[in-house]
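Student: Before I ask anything, here is the structure I am working with.
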Amino acid sequence: MKNKVMVSLFECEGINEELYNNARCFVTEDRLKKTDNLAEYSDRVLSVMSEFILLYYLHTYYGIHVSKFSKDYMDKPYMASDELIKFNISHTQNIVSVAISEQNIGIDVETSLSATEKQITQLIDFCFSEKEKKYVNYDKSGCKQRFFEVWTRREAYFKCLGCGLLIKNNKKDISEDFYFIGIQYKNYTISVCSEQDMIVDLHLIDAQTIQDMLNAMQVYYFSSKTTMGKEI
């Protein structure tokens with residue numbers, strides 16, 4: 001049986017301040033502290049919206065209410081009382097990606113606008129295995145797209161393992177025992193990694209969807225005095 005992975009994508013560009021401030025009301029205290037230390041408004045929006053979307057889907061689809069995340073030895077957040085549900089978040093520039101699954105999961109999103117040709121060449125030499133270098137460089141046509149395909153796969157793979165892209169993992173081949181799904185959305189490349197073969201349930205979110213999600217969360221938090229779902 002294939003592992004079902006819920007993947008949500010939201011482009012934050014143009015989100016108004018009212019939506020952002022309303023979403024802040026529903027994220028964890030730890031997220032607010034982290035967000036308020038960010039200098040750029042765009043980074044604060046990405047930070048808040050990524051966790052808001054995660055919390056919404058955890059509540060709506062799994063009946064889980066999260067007030068605080070635990071962290072493992074690698075500082076990766078998890079839900080201590082619901083360890084069967086796994087999640088991962090990635091964001092870059094204007095887009096947020098959130099993955100939720102019942103298996104270990106990793107996701108990464110990058111935009112083709114995020115690196116110059118010189119930076120790409122340096123990253124290929126410093127990070128990629130020989131097998132990956134051959135794949136990216138075998139033909140000049142499409143080289144940049146193949147770079148982001150491999151880069152996001154590597155990020156998603158090591159995030160699935162729970163360790164991230166550490167220097168010690170540079171040039172290591174990715175295990176063939178893992179499964180990957182690639183998503184191309186506008187100028188964004190997204191990779192999802194799982195230990196089990198999977199199908200992706202893709203949710204493309206816009207500002208109106210965020211407003212609808214906020215309305216639903218407000219009904220839950222302010223109309224009910226009892227906690228529905230599981231308290232963490």
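Each chain of the structure tokens is named A, B, ... in the order shown, its residues numbered from 1; ligands are numbered from 1 in display order.
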Need the shell around range 5-13 of chain A: protein/DNA/RNA residues with any atom at most 7 Å away, counting only C-alpha atoms. Skip same-chain ones fewer than 2 positions apart. Format as a PyMOL selection string?

Tutor: chain A and resi 3+15+46+94-101+198-206

Student: Keeping only C-alpha atoms, write the selected residues to a file as a PDB file, in the first residue's frame.

Tutor:
ATOM      1  CA  ASN A   3       2.052   6.079   1.588  1.00  0.00           C
ATOM      2  CA  ILE A  15      -0.575  38.570   1.079  1.00  0.00           C
ATOM      3  CA  LEU A  46       6.872  32.741   5.183  1.00  0.00           C
ATOM      4  CA  ASN A  94       7.666  33.708  -1.967  1.00  0.00           C
ATOM      5  CA  ILE A  95       6.502  30.111  -1.611  1.00  0.00           C
ATOM      6  CA  VAL A  96       5.728  27.784   1.299  1.00  0.00           C
ATOM      7  CA  SER A  97       5.562  23.985   1.003  1.00  0.00           C
ATOM      8  CA  VAL A  98       4.212  21.701   3.729  1.00  0.00           C
ATOM      9  CA  ALA A  99       4.207  17.881   3.686  1.00  0.00           C
ATOM     10  CA  ILE A 100       2.278  15.640   6.112  1.00  0.00           C
ATOM     11  CA  SER A 101       2.423  11.849   6.148  1.00  0.00           C
ATOM     12  CA  MET A 198       3.847   7.191  -2.142  1.00  0.00           C
ATOM     13  CA  ILE A 199       1.075   9.137  -3.781  1.00  0.00           C
ATOM     14  CA  VAL A 200       0.812  12.897  -3.367  1.00  0.00           C
ATOM     15  CA  ASP A 201      -2.394  14.747  -2.533  1.00  0.00           C
ATOM     16  CA  LEU A 202      -1.497  18.230  -3.803  1.00  0.00           C
ATOM     17  CA  HIS A 203      -3.197  21.334  -2.396  1.00  0.00           C
ATOM     18  CA  LEU A 204      -2.579  24.636  -4.198  1.00  0.00           C
ATOM     19  CA  ILE A 205      -3.512  27.409  -1.775  1.00  0.00           C
ATOM     20  CA  ASP A 206      -4.326  31.036  -2.585  1.00  0.00           C
TER      21      ASP A 206
END

Student: Fewer than 3 positions away in the same chain doesn't count, so skip those; otherwise give me all residues within 9 Å of Gln103 in chain A, counting only C-alpha atoms, as an MDAnalysis selection string.

Tutor: chainID A and resid 3:5 84:87 100 194:196

Student: Mind dumping the selected residues with N, CA, C and O atoms as a short mmCIF file (atom, residue, chain, number, x, y, z; two decimals), in the first residue's frame?

Tutor:
data_model
loop_
_atom_site.label_atom_id
_atom_site.label_comp_id
_atom_site.auth_asym_id
_atom_site.auth_seq_id
_atom_site.Cartn_x
_atom_site.Cartn_y
_atom_site.Cartn_z
N ASN A 3 2.14 5.06 0.55
CA ASN A 3 2.05 6.08 1.59
C ASN A 3 1.41 7.34 1.00
O ASN A 3 1.88 7.88 0.00
N LYS A 4 0.33 7.82 1.62
CA LYS A 4 -0.31 9.05 1.14
C LYS A 4 0.37 10.26 1.79
O LYS A 4 0.49 10.33 3.01
N VAL A 5 0.80 11.19 0.97
CA VAL A 5 1.46 12.40 1.45
C VAL A 5 0.65 13.62 1.03
O VAL A 5 0.38 13.81 -0.16
N LEU A 84 3.19 9.09 15.13
CA LEU A 84 2.85 8.41 13.88
C LEU A 84 2.64 9.39 12.74
O LEU A 84 2.74 9.02 11.57
N ILE A 85 2.34 10.64 13.06
CA ILE A 85 2.14 11.66 12.04
C ILE A 85 3.43 12.44 11.87
O ILE A 85 3.94 13.05 12.81
N LYS A 86 3.97 12.43 10.66
CA LYS A 86 5.22 13.11 10.36
C LYS A 86 4.93 14.33 9.48
O LYS A 86 3.96 14.35 8.73
N PHE A 87 5.80 15.31 9.56
CA PHE A 87 5.61 16.50 8.73
C PHE A 87 6.96 17.13 8.43
O PHE A 87 7.95 16.88 9.10
N ILE A 100 2.74 16.40 4.94
CA ILE A 100 2.28 15.64 6.11
C ILE A 100 2.05 14.20 5.68
O ILE A 100 1.49 13.94 4.61
N SER A 194 10.27 9.89 0.69
CA SER A 194 9.67 9.02 1.69
C SER A 194 10.39 7.68 1.69
O SER A 194 10.99 7.28 0.69
N GLU A 195 10.32 6.98 2.83
CA GLU A 195 10.90 5.64 2.92
C GLU A 195 10.02 4.60 2.24
O GLU A 195 10.44 3.46 2.05
N GLN A 196 8.81 5.00 1.88
CA GLN A 196 7.85 4.08 1.27
C GLN A 196 7.30 4.69 0.00
O GLN A 196 7.18 5.92 -0.11
#

Student: Show me, as a PyMOL selection string, the residues that have an atom within 12 Å of Thr60 in chain A when counting only C-alpha atoms, minus same-chain residues fewer than 2 positions from it.

Tutor: chain A and resi 53-58+62-66+213-214+216-217+220+228-230

Student: Using only C-alpha atoms, which residue out of A:Ile120, A:Ile89, A:Cys163, A:Leu19 lies closest to Phe147 in chain A?

Tutor: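 Using only C-alpha atoms, Phe147 in chain A sits closest to A:Ile120.
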
Student: Extract, using only C-alpha atoms, all DNA, RNA and protein residues at most 9 Å from Thr189 in chain A, discarding same-chain residues fewer than 2 positions from it, and format them as a list in words.

Tutor: Asp108, Val109, Glu110, Thr111, Ser112, Gln145, Phe148, Glu149, Thr152, Gly182, Ile183, Gln184, Tyr185, Lys186, Asn187 and Ser191 of chain A
